[in-house]
>>> print(open('final.pdb').read())   # PDB, C-alpha atoms and all ligand atoms
ATOM      1  CA  MET O   1       0.000   0.000   0.000
ATOM      2  CA  THR O   2       1.391   3.409  -0.979
ATOM      3  CA  GLN O   3       1.004   5.816   1.897
ATOM      4  CA  ILE O   4       0.516   9.566   1.480
ATOM      5  CA  LYS O   5       3.477  11.323   3.110
ATOM      6  CA  VAL O   6       2.289  14.244   5.221
ATOM      7  CA  THR O   7       4.102  17.128   6.896
ATOM      8  CA  VAL O   8       2.395  19.400   9.427
ATOM      9  CA  ALA O   9       3.040  23.101  10.114
ATOM     10  CA  GLY O  10       1.804  24.299  13.500
ATOM     11  CA  ALA O  11       2.146  20.769  14.857
ATOM     12  CA  LYS O  12       2.321  21.855  18.498
ATOM     13  CA  GLY O  13      -0.820  24.000  18.236
ATOM     14  CA  LYS O  14      -4.367  23.019  19.249
ATOM     15  CA  MET O  15      -5.361  21.961  15.720
ATOM     16  CA  GLY O  16      -1.916  20.618  14.797
ATOM     17  CA  GLN O  17      -1.980  18.101  17.653
ATOM     18  CA  GLU O  18      -5.374  16.768  16.535
ATOM     19  CA  VAL O  19      -4.063  16.485  12.962
ATOM     20  CA  ILE O  20      -1.078  14.456  14.127
ATOM     21  CA  LYS O  21      -3.306  12.058  16.093
ATOM     22  CA  MET O  22      -5.533  11.662  13.033
ATOM     23  CA  ILE O  23      -2.547  10.956  10.719
ATOM     24  CA  GLU O  24      -1.055   8.437  13.159
ATOM     25  CA  SER O  25      -4.391   6.579  13.329
ATOM     26  CA  ASP O  26      -4.773   6.195   9.540
ATOM     27  CA  GLN O  27      -2.609   3.523   7.878
ATOM     28  CA  LYS O  28      -2.987   5.234   4.506
ATOM     29  CA  LEU O  29      -1.144   8.298   5.840
ATOM     30  CA  LEU O  30       2.472   8.626   6.958
ATOM     31  CA  LEU O  31       3.726  11.548   9.060
ATOM     32  CA  THR O  32       7.208  12.488   7.800
ATOM     33  CA  GLY O  33       8.027  15.854   9.420
ATOM     34  CA  CYS O  34       6.672  18.724  11.494
ATOM     35  CA  LEU O  35       7.318  22.446  11.513
ATOM     36  CA  ASP O  36       7.601  24.460  14.705
ATOM     37  CA  ARG O  37       9.049  27.918  15.302
ATOM     38  CA  THR O  38      11.270  26.902  18.197
ATOM     39  CA  LEU O  39      11.874  23.156  18.168
ATOM     40  CA  ASP O  40      14.502  21.769  15.798
ATOM     41  CA  GLY O  41      15.743  18.210  15.617
ATOM     42  CA  VAL O  42      13.486  17.149  18.501
ATOM     43  CA  ASP O  43      11.361  13.972  18.295
ATOM     44  CA  VAL O  44       7.688  14.815  17.647
ATOM     45  CA  GLY O  45       6.257  11.773  19.453
ATOM     46  CA  ASP O  46       8.511  12.362  22.437
ATOM     47  CA  THR O  47       7.281  15.970  22.701
ATOM     48  CA  LEU O  48       3.570  15.392  22.114
ATOM     49  CA  PHE O  49       2.884  11.865  23.415
ATOM     50  CA  ASN O  50       5.910  10.992  25.589
ATOM     51  CA  LYS O  51       6.583   8.201  23.108
ATOM     52  CA  ARG O  52       9.326   8.528  20.490
ATOM     53  CA  ASN O  53       8.125   8.049  16.906
ATOM     54  CA  GLY O  54      11.316   8.947  15.023
ATOM     55  CA  ILE O  55       9.690  11.931  13.281
ATOM     56  CA  LEU O  56      11.470  15.234  13.788
ATOM     57  CA  PHE O  57      10.488  18.858  14.269
ATOM     58  CA  TYR O  58      12.177  21.424  11.984
ATOM     59  CA  ASN O  59      12.226  25.163  12.639
ATOM     60  CA  ASN O  60      12.662  26.022   8.975
ATOM     61  CA  ILE O  61      10.222  24.880   6.305
ATOM     62  CA  GLU O  62      12.756  24.732   3.439
ATOM     63  CA  LYS O  63      15.096  22.655   5.600
ATOM     64  CA  MET O  64      12.182  20.311   6.408
ATOM     65  CA  PHE O  65      11.369  19.784   2.727
ATOM     66  CA  GLN O  66      15.074  19.214   1.941
ATOM     67  CA  HIS O  67      15.297  16.495   4.597
ATOM     68  CA  VAL O  68      11.989  14.611   4.393
ATOM     69  CA  GLU O  69       9.849  13.155   1.631
ATOM     70  CA  ALA O  70       6.385  14.724   1.452
ATOM     71  CA  ASP O  71       3.294  14.720  -0.746
ATOM     72  CA  VAL O  72       1.214  17.097   1.387
ATOM     73  CA  LEU O  73       1.738  19.993   3.816
ATOM     74  CA  VAL O  74      -1.092  20.516   6.319
ATOM     75  CA  ASP O  75      -0.960  24.054   7.730
ATOM     76  CA  PHE O  76      -2.684  25.206  10.928
ATOM     77  CA  THR O  77      -0.484  28.162  11.899
ATOM     78  CA  THR O  78      -1.213  31.889  11.703
ATOM     79  CA  PRO O  79      -2.519  34.349   9.103
ATOM     80  CA  PHE O  80       0.998  35.881   9.005
ATOM     81  CA  THR O  81       2.862  32.717   7.996
ATOM     82  CA  VAL O  82       0.482  30.504   6.051
ATOM     83  CA  LYS O  83       0.905  32.073   2.610
ATOM     84  CA  GLN O  84       4.685  31.767   2.717
ATOM     85  CA  HIS O  85       4.421  28.122   3.857
ATOM     86  CA  ALA O  86       2.000  27.271   1.036
ATOM     87  CA  SER O  87       4.169  29.027  -1.582
ATOM     88  CA  ILE O  88       7.293  27.151  -0.492
ATOM     89  CA  ALA O  89       5.420  23.831  -0.439
ATOM     90  CA  LEU O  90       4.207  24.355  -4.008
ATOM     91  CA  ARG O  91       7.742  25.241  -5.116
ATOM     92  CA  PHE O  92       8.953  21.914  -3.638
ATOM     93  CA  GLY O  93       6.166  20.012  -5.489
ATOM     94  CA  ILE O  94       4.153  19.460  -2.298
ATOM     95  CA  SER O  95       0.387  20.067  -2.175
ATOM     96  CA  PRO O  96      -0.855  22.373   0.607
ATOM     97  CA  VAL O  97      -3.956  21.634   2.697
ATOM     98  CA  ILE O  98      -4.648  24.877   4.517
ATOM     99  CA  GLY O  99      -6.871  25.211   7.549
ATOM    100  CA  THR O 100      -5.322  28.447   8.802
ATOM    101  CA  THR O 101      -7.810  31.291   8.483
ATOM    102  CA  GLY O 102      -7.205  34.966   7.745
ATOM    103  CA  LEU O 103      -6.076  34.650   4.110
ATOM    104  CA  THR O 104      -7.288  37.648   2.095
ATOM    105  CA  GLU O 105      -8.911  37.425  -1.338
ATOM    106  CA  GLU O 106      -5.628  38.717  -2.767
ATOM    107  CA  ASP O 107      -3.726  35.914  -0.982
ATOM    108  CA  LEU O 108      -6.120  33.352  -2.476
ATOM    109  CA  THR O 109      -5.669  34.807  -5.967
ATOM    110  CA  ASP O 110      -1.872  34.665  -5.559
ATOM    111  CA  LEU O 111      -2.014  31.035  -4.381
ATOM    112  CA  ASP O 112      -4.302  30.155  -7.273
ATOM    113  CA  LYS O 113      -1.718  31.582  -9.692
ATOM    114  CA  LEU O 114       1.063  29.624  -7.970
ATOM    115  CA  CYS O 115      -0.969  26.414  -8.340
ATOM    116  CA  GLU O 116      -1.258  27.159 -12.053
ATOM    117  CA  THR O 117       2.487  27.852 -12.331
ATOM    118  CA  TYR O 118       3.434  24.585 -10.605
ATOM    119  CA  ASN O 119       0.511  22.598 -12.109
ATOM    120  CA  ARG O 120      -0.438  21.398  -8.618
ATOM    121  CA  GLY O 121      -3.549  21.588  -6.451
ATOM    122  CA  ALA O 122      -4.193  23.081  -3.030
ATOM    123  CA  VAL O 123      -7.119  23.002  -0.626
ATOM    124  CA  VAL O 124      -7.995  26.012   1.514
ATOM    125  CA  ALA O 125     -10.960  25.444   3.812
ATOM    126  CA  PRO O 126     -11.997  27.992   6.450
ATOM    127  CA  ASN O 127     -13.931  25.205   8.152
ATOM    128  CA  PHE O 128     -13.285  21.465   7.837
ATOM    129  CA  ALA O 129     -16.346  20.410   9.878
ATOM    130  CA  ILE O 130     -19.099  18.880   7.746
ATOM    131  CA  GLY O 131     -21.796  20.478   9.933
ATOM    132  CA  ALA O 132     -20.361  23.944   9.288
ATOM    133  CA  VAL O 133     -20.210  23.291   5.548
ATOM    134  CA  LEU O 134     -23.905  22.302   5.641
ATOM    135  CA  MET O 135     -24.748  25.398   7.717
ATOM    136  CA  MET O 136     -23.119  27.599   5.030
ATOM    137  CA  LYS O 137     -24.983  25.782   2.269
ATOM    138  CA  PHE O 138     -28.356  26.083   4.046
ATOM    139  CA  ALA O 139     -27.670  29.761   4.816
ATOM    140  CA  ALA O 140     -27.131  30.502   1.122
ATOM    141  CA  GLN O 141     -30.405  28.698   0.278
ATOM    142  CA  ALA O 142     -32.356  30.584   2.965
ATOM    143  CA  ALA O 143     -30.974  33.982   1.865
ATOM    144  CA  LYS O 144     -32.832  33.647  -1.447
ATOM    145  CA  TYR O 145     -36.116  33.855   0.473
ATOM    146  CA  LEU O 146     -35.050  35.799   3.600
ATOM    147  CA  PRO O 147     -32.494  38.428   2.514
ATOM    148  CA  ASP O 148     -32.251  40.144   5.933
ATOM    149  CA  VAL O 149     -29.515  38.278   7.779
ATOM    150  CA  GLU O 150     -26.882  38.761  10.463
ATOM    151  CA  ILE O 151     -24.033  36.426  11.386
ATOM    152  CA  ILE O 152     -22.751  35.933  14.927
ATOM    153  CA  GLU O 153     -19.600  33.851  15.257
ATOM    154  CA  MET O 154     -18.199  32.777  18.644
ATOM    155  CA  HIS O 155     -14.638  31.518  19.151
ATOM    156  CA  HIS O 156     -12.094  30.934  21.929
ATOM    157  CA  ASP O 157     -10.216  34.071  22.969
ATOM    158  CA  GLN O 158      -6.852  32.987  21.508
ATOM    159  CA  LYS O 159      -8.104  33.305  17.935
ATOM    160  CA  LEU O 160      -6.068  35.898  15.997
ATOM    161  CA  ASP O 161      -8.292  36.840  13.066
ATOM    162  CA  SER O 162     -11.777  38.330  12.972
ATOM    163  CA  PRO O 163     -14.285  37.871  11.598
ATOM    164  CA  SER O 164     -13.707  34.136  11.313
ATOM    165  CA  GLY O 165     -12.973  32.563   7.933
ATOM    166  CA  THR O 166     -16.249  30.658   8.265
ATOM    167  CA  ALA O 167     -18.247  33.869   8.788
ATOM    168  CA  LEU O 168     -16.613  35.490   5.767
ATOM    169  CA  LYS O 169     -17.202  32.446   3.593
ATOM    170  CA  THR O 170     -20.852  32.284   4.777
ATOM    171  CA  ALA O 171     -21.331  35.962   3.936
ATOM    172  CA  GLN O 172     -19.760  35.427   0.541
ATOM    173  CA  LEU O 173     -22.082  32.480  -0.263
ATOM    174  CA  ILE O 174     -25.124  34.435   0.974
ATOM    175  CA  THR O 175     -24.164  37.409  -1.237
ATOM    176  CA  GLN O 176     -24.237  35.154  -4.314
ATOM    177  CA  GLU O 177     -27.873  34.246  -3.597
ATOM    178  CA  ARG O 178     -29.657  37.189  -1.956
ATOM    179  CA  VAL O 179     -30.927  40.381  -3.568
ATOM    180  CA  LYS O 180     -28.464  43.172  -2.861
ATOM    181  CA  LYS O 181     -29.616  45.241   0.109
ATOM    182  CA  THR O 182     -28.426  47.351   3.033
ATOM    183  CA  GLN O 183     -30.107  46.284   6.252
ATOM    184  CA  GLY O 184     -31.411  48.206   9.232
ATOM    185  CA  HIS O 185     -32.865  51.705   9.509
ATOM    186  CA  PRO O 186     -31.325  54.170   7.007
ATOM    187  CA  ASN O 187     -30.996  56.743   9.814
ATOM    188  CA  GLU O 188     -29.506  54.290  12.333
ATOM    189  CA  SER O 189     -27.420  56.151  14.930
ATOM    190  CA  VAL O 190     -24.442  54.308  16.435
ATOM    191  CA  GLN O 191     -23.671  55.398  20.016
ATOM    192  CA  LEU O 192     -20.635  53.138  20.408
ATOM    193  CA  ASP O 193     -18.315  52.262  17.515
ATOM    194  CA  GLY O 194     -18.648  48.656  16.380
ATOM    195  CA  SER O 195     -22.006  48.031  18.056
ATOM    196  CA  ARG O 196     -23.565  47.028  14.731
ATOM    197  CA  GLY O 197     -20.675  44.721  13.820
ATOM    198  CA  ALA O 198     -18.739  44.556  10.543
ATOM    199  CA  ASN O 199     -20.509  45.450   7.304
ATOM    200  CA  TYR O 200     -20.211  42.874   4.513
ATOM    201  CA  GLU O 201     -22.183  43.920   1.444
ATOM    202  CA  GLY O 202     -24.906  45.422   3.665
ATOM    203  CA  MET O 203     -25.166  42.494   6.128
ATOM    204  CA  ARG O 204     -23.645  42.508   9.614
ATOM    205  CA  ILE O 205     -21.097  40.131  11.128
ATOM    206  CA  HIS O 206     -20.435  40.032  14.892
ATOM    207  CA  SER O 207     -17.399  38.315  16.448
ATOM    208  CA  VAL O 208     -17.499  37.051  20.044
ATOM    209  CA  ARG O 209     -14.197  35.950  21.687
ATOM    210  CA  LEU O 210     -14.446  34.158  25.022
ATOM    211  CA  PRO O 211     -12.653  31.398  26.909
ATOM    212  CA  GLY O 212     -14.741  28.228  26.855
ATOM    213  CA  TYR O 213     -15.753  28.410  23.194
ATOM    214  CA  VAL O 214     -14.195  26.273  20.438
ATOM    215  CA  ALA O 215     -15.847  27.368  17.131
ATOM    216  CA  HIS O 216     -19.534  28.291  16.813
ATOM    217  CA  GLN O 217     -21.734  30.278  14.463
ATOM    218  CA  GLN O 218     -25.323  31.447  14.213
ATOM    219  CA  VAL O 219     -26.857  32.790  11.027
ATOM    220  CA  ILE O 220     -30.082  34.629  11.871
ATOM    221  CA  PHE O 221     -32.599  35.496   9.177
ATOM    222  CA  GLY O 222     -35.469  37.921   9.800
ATOM    223  CA  GLY O 223     -38.733  38.096   7.845
ATOM    224  CA  ILE O 224     -42.145  39.614   8.526
ATOM    225  CA  GLY O 225     -43.335  38.078  11.803
ATOM    226  CA  GLN O 226     -40.657  35.368  11.848
ATOM    227  CA  THR O 227     -36.979  34.574  12.319
ATOM    228  CA  LEU O 228     -34.943  31.558  11.242
ATOM    229  CA  THR O 229     -31.741  30.632  13.094
ATOM    230  CA  LEU O 230     -29.129  28.234  11.734
ATOM    231  CA  ARG O 231     -26.503  27.278  14.301
ATOM    232  CA  HIS O 232     -23.409  25.111  14.190
ATOM    233  CA  ASP O 233     -21.198  24.218  17.163
ATOM    234  CA  SER O 234     -17.806  22.556  17.004
ATOM    235  CA  ILE O 235     -17.522  21.406  20.597
ATOM    236  CA  HIS O 236     -14.294  19.474  19.991
ATOM    237  CA  ARG O 237     -11.485  19.955  17.472
ATOM    238  CA  GLN O 238     -11.981  16.328  16.383
ATOM    239  CA  SER O 239     -14.973  17.680  14.427
ATOM    240  CA  PHE O 240     -12.545  19.044  11.815
ATOM    241  CA  MET O 241     -10.538  15.838  11.305
ATOM    242  CA  PRO O 242     -12.677  13.871   8.796
ATOM    243  CA  GLY O 243     -12.566  16.963   6.551
ATOM    244  CA  VAL O 244      -8.793  17.348   6.891
ATOM    245  CA  ASN O 245      -8.364  13.608   6.211
ATOM    246  CA  LEU O 246     -10.460  13.874   3.037
ATOM    247  CA  ALA O 247      -8.512  16.931   1.841
ATOM    248  CA  ILE O 248      -5.159  15.148   2.371
ATOM    249  CA  LYS O 249      -6.405  12.224   0.257
ATOM    250  CA  GLU O 250      -7.903  14.372  -2.527
ATOM    251  CA  VAL O 251      -5.442  17.259  -2.890
ATOM    252  CA  GLY O 252      -2.952  15.200  -4.929
ATOM    253  CA  LYS O 253      -5.614  14.675  -7.616
ATOM    254  CA  LEU O 254      -6.177  18.427  -8.058
ATOM    255  CA  LYS O 255      -4.446  20.828 -10.446
ATOM    256  CA  GLN O 256      -5.875  24.060  -9.045
ATOM    257  CA  LEU O 257      -6.707  25.736  -5.751
ATOM    258  CA  ILE O 258     -10.078  24.975  -4.250
ATOM    259  CA  TYR O 259     -11.579  27.176  -1.539
ATOM    260  CA  GLY O 260     -14.042  25.321   0.680
ATOM    261  CA  LEU O 261     -14.501  21.692   1.670
ATOM    262  CA  GLU O 262     -17.857  21.612  -0.155
ATOM    263  CA  HIS O 263     -15.987  21.285  -3.483
ATOM    264  CA  LEU O 264     -14.574  17.939  -2.340
ATOM    265  CA  LEU O 265     -17.932  16.669  -1.089
ATOM    266  CA  GLU O 266     -19.978  17.213  -4.245
TER     267      GLU O 266
HETATM  268  P1  LIG K 301      -2.703  27.616  17.934
HETATM  269  O1  LIG K 301      -3.048  26.634  18.998
HETATM  270  O2  LIG K 301      -2.241  28.976  18.328
HETATM  271  O3  LIG K 301      -1.607  26.932  16.993
HETATM  272  C1  LIG K 301      -0.881  27.621  16.023
HETATM  273  C2  LIG K 301       0.470  26.960  15.896
HETATM  274  O4  LIG K 301       1.212  27.587  14.845
HETATM  275  C3  LIG K 301       1.316  27.077  17.181
HETATM  276  O5  LIG K 301       1.914  25.839  17.460
HETATM  277  C4  LIG K 301       2.362  28.121  16.798
HETATM  278  O6  LIG K 301       3.572  27.973  17.483
HETATM  279  C5  LIG K 301       2.538  27.792  15.331
HETATM  280  N1  LIG K 301       3.229  28.859  14.611
HETATM  281  C6  LIG K 301       3.085  30.196  14.771
HETATM  282  N2  LIG K 301       3.922  30.840  13.938
HETATM  283  C7  LIG K 301       4.629  29.889  13.280
HETATM  284  C8  LIG K 301       5.665  29.924  12.324
HETATM  285  N3  LIG K 301       6.160  31.072  11.877
HETATM  286  N4  LIG K 301       6.156  28.744  11.862
HETATM  287  C9  LIG K 301       5.675  27.575  12.320
HETATM  288  N5  LIG K 301       4.696  27.466  13.238
HETATM  289  C10 LIG K 301       4.188  28.620  13.716
HETATM  290  O7  LIG K 301      -3.952  27.841  16.950
HETATM  291  P2  LIG K 301      -5.084  26.778  16.516
HETATM  292  O8  LIG K 301      -6.275  26.932  17.366
HETATM  293  O9  LIG K 301      -4.470  25.437  16.328
HETATM  294  O10 LIG K 301      -5.484  27.384  15.094
HETATM  295  C11 LIG K 301      -4.560  27.476  14.034
HETATM  296  C12 LIG K 301      -5.279  28.073  12.808
HETATM  297  O11 LIG K 301      -6.293  27.168  12.381
HETATM  298  C13 LIG K 301      -5.994  29.405  13.060
HETATM  299  O12 LIG K 301      -5.858  30.236  11.920
HETATM  300  C14 LIG K 301      -7.460  28.992  13.220
HETATM  301  O13 LIG K 301      -8.361  30.037  12.878
HETATM  302  C15 LIG K 301      -7.518  27.865  12.222
HETATM  303  N6  LIG K 301      -8.609  26.895  12.403
HETATM  304  C16 LIG K 301      -9.170  26.404  11.270
HETATM  305  C17 LIG K 301     -10.134  25.443  11.318
HETATM  306  C18 LIG K 301     -10.684  24.883  10.035
HETATM  307  O14 LIG K 301     -11.558  24.015  10.067
HETATM  308  N7  LIG K 301     -10.198  25.353   8.872
HETATM  309  C19 LIG K 301     -10.581  24.967  12.568
HETATM  310  C20 LIG K 301     -10.007  25.476  13.728
HETATM  311  C21 LIG K 301      -8.999  26.438  13.641
HETATM  312  P3  LIG K 301       3.861  28.861  18.819
HETATM  313  O15 LIG K 301       3.078  28.173  19.889
HETATM  314  O16 LIG K 301       5.343  28.746  18.972
HETATM  315  O17 LIG K 301       3.392  30.260  18.535
END
>>> encode(input="final.pdb", output="structure tokens")
Amino acid sequence: MTQIKVTVAGAKGKMGQEVIKMIESDQKLLLTGCLDRTLDGVDVGDTLFNKRNGILFYNNIEKMFQHVEADVLVDFTTPFTVKQHASIALRFGISPVIGTTGLTEEDLTDLDKLCETYNRGAVVAPNFAIGAVLMMKFAAQAAKYLPDVEIIEMHHDQKLDSPSGTALKTAQLITQERVKKTQGHPNESVQLDGSRGANYEGMRIHSVRLPGYVAHQQVIFGGIGQTLTLRHDSIHRQSFMPGVNLAIKEVGKLKQLIYGLEHLLE
């Protein structure tokens, strides 16, 4: 059986650790190297599970790709580093699977061009949980009939970017389906900056950051005499792993960048 060789950037992070457990539990996948800002030459298993597994941490991504064989790079790092990691992976002939959020539309366009240059695919998914993908899909359907909508996303307080990638992607999908409109009273008066949230094409997005949350989102639609609320809760980071696993297995078959897990499910 040919195994898919996987490297992980952000391996010591909350998502990275789940990804490593998932890779180690799937015989079709083989972990070959991990990237961490500080650790270099240290055994990954020893650090994360108190059990040596012979796989090393590298503190430089180019050095990692020079030393280990890899088909895929899974990246769960930060909005400041992910684009550089993905670009270097593509240059080394390695397909990126990106879960890190905070990439701008310009970043996505640049990565798309790089995929074309290197004739290789990449997956960028702001949310790898199937329930969240369904929530986004249902939200786009509902917006056709109920165009007044606000998004409230709730995340743990260590999250760096706002609004969340999921909220932005939801807003983008809704915009493709709803009639263009600016919501609320035209003479609305804001007493405290930010109280109405961020404005995306006339709809509002609110970001809550609190300890205790993992990743949650409500999409609330308002109509005459009624409201409709769609809600998704990731209560454990394991919720993202089937999606990451699928992306690792599919990315090698792609020749372009895809944005959103839904494109692998259909
Ligand atoms: P986290 O716990 O802070 O982990 C981030 C990891 O990246 C840390 O280990 C950090 O190392 C490392 N890192 C930072 N800068 C680096 C660099 N220059 N080179 C290599 N590694 C570096 O964050 P998390 O909760 O795992 O989330 C990571 C990302 O995934 C975020 O963007 C989050 O929004 C996203 N996310 C996506 C999904 C999805 O389904 N797509 C789901 C959940 C989260 P240090 O500890 O040394 O800083």
>>> atom_distance(input="final.pdb", atom1="CA of Gly33 (chain O)", atom2="CA of Ala86 (chain O)")
15.4 Å
>>> closest_residue(input="final.pdb", among="O:Glu153, O:Glu18, O:Asp233, O:Glu116", to="Ala198 (chain O)", atoms="all atoms listed in the file")
O:Glu153
>>> residues_around(input="final.pdb", residues="Asp161 (chain O)", least_positions_apart="3", cutoff="10 Å", atoms="all atoms listed in the file", output="list in words")
Thr78, Pro79, Thr100, Thr101, Gly102, Leu103, Gln158, Ser164, Gly165 and Ser207 of chain O
>>> residues_near_ligand(input="final.pdb", ligand="ligand LIG 301 (chain K)", cutoff="8 Å", atoms="only C-alpha atoms and all ligand atoms", output="ChimeraX atom specification")
/O:9-17,35-38,59-61,75-81,98-102,124-129,158-161,164-165,214-215,237,240,243-244
>>> resolve_selection(input="final.pdb", expression="the PyMOL selection byres (((chain O and resi 224) around 12) and not hetatm)", output="PyMOL selection string")
chain O and resi 145-148+221-223+225-228
>>> residues_around(input="final.pdb", residues="Leu48 (chain O)", least_positions_apart="3", cutoff="10 Å", atoms="all atoms listed in the file", output="PyMOL selection string")
chain O and resi 11-12+17+20-21+43-45+51-52
>>> residues_around(input="final.pdb", residues="Leu31 (chain O)", least_positions_apart="4", cutoff="12 Å", atoms="only C-alpha atoms", output="PyMOL selection string")
chain O and resi 3-9+11+19-27+35+44-45+53-57+68-74+248
>>> residues_around(input="final.pdb", residues="Lys255 (chain O)", least_positions_apart="6", cutoff="9 Å", atoms="only C-alpha atoms", output="mmCIF file with C-alpha atoms, in the frame of the given file")
data_model
loop_
_atom_site.group_PDB
_atom_site.id
_atom_site.type_symbol
_atom_site.label_atom_id
_atom_site.label_comp_id
_atom_site.auth_asym_id
_atom_site.auth_seq_id
_atom_site.Cartn_x
_atom_site.Cartn_y
_atom_site.Cartn_z
ATOM 1 C CA CYS O 115 -0.969 26.414 -8.340
ATOM 2 C CA GLU O 116 -1.258 27.159 -12.053
ATOM 3 C CA TYR O 118 3.434 24.585 -10.605
ATOM 4 C CA ASN O 119 0.511 22.598 -12.109
ATOM 5 C CA ARG O 120 -0.438 21.398 -8.618
ATOM 6 C CA GLY O 121 -3.549 21.588 -6.451
ATOM 7 C CA ALA O 122 -4.193 23.081 -3.030
#
>>> atom_distance(input="final.pdb", atom1="CA of Ile94 (chain O)", atom2="CA of Asn245 (chain O)")
16.2 Å
>>> atom_distance(input="final.pdb", atom1="CA of Gln191 (chain O)", atom2="CA of His206 (chain O)")
16.5 Å
>>> closest_residue(input="final.pdb", among="O:Leu173, O:Ile130, O:Leu39, O:Leu264", to="Pro242 (chain O)", atoms="only C-alpha atoms")
O:Ile130
>>> residues_around(input="final.pdb", residues="Gly131 (chain O)", least_positions_apart="2", cutoff="9 Å", atoms="only C-alpha atoms", output="PDB file with C-alpha atoms, keeping the file's coordinate frame")
ATOM      1  CA  PHE O 128     -13.285  21.465   7.837  1.00  0.00           C
ATOM      2  CA  ALA O 129     -16.346  20.410   9.878  1.00  0.00           C
ATOM      3  CA  VAL O 133     -20.210  23.291   5.548  1.00  0.00           C
ATOM      4  CA  LEU O 134     -23.905  22.302   5.641  1.00  0.00           C
ATOM      5  CA  MET O 135     -24.748  25.398   7.717  1.00  0.00           C
ATOM      6  CA  MET O 136     -23.119  27.599   5.030  1.00  0.00           C
ATOM      7  CA  HIS O 232     -23.409  25.111  14.190  1.00  0.00           C
ATOM      8  CA  ASP O 233     -21.198  24.218  17.163  1.00  0.00           C
ATOM      9  CA  SER O 234     -17.806  22.556  17.004  1.00  0.00           C
ATOM     10  CA  SER O 239     -14.973  17.680  14.427  1.00  0.00           C
TER      11      SER O 239
END
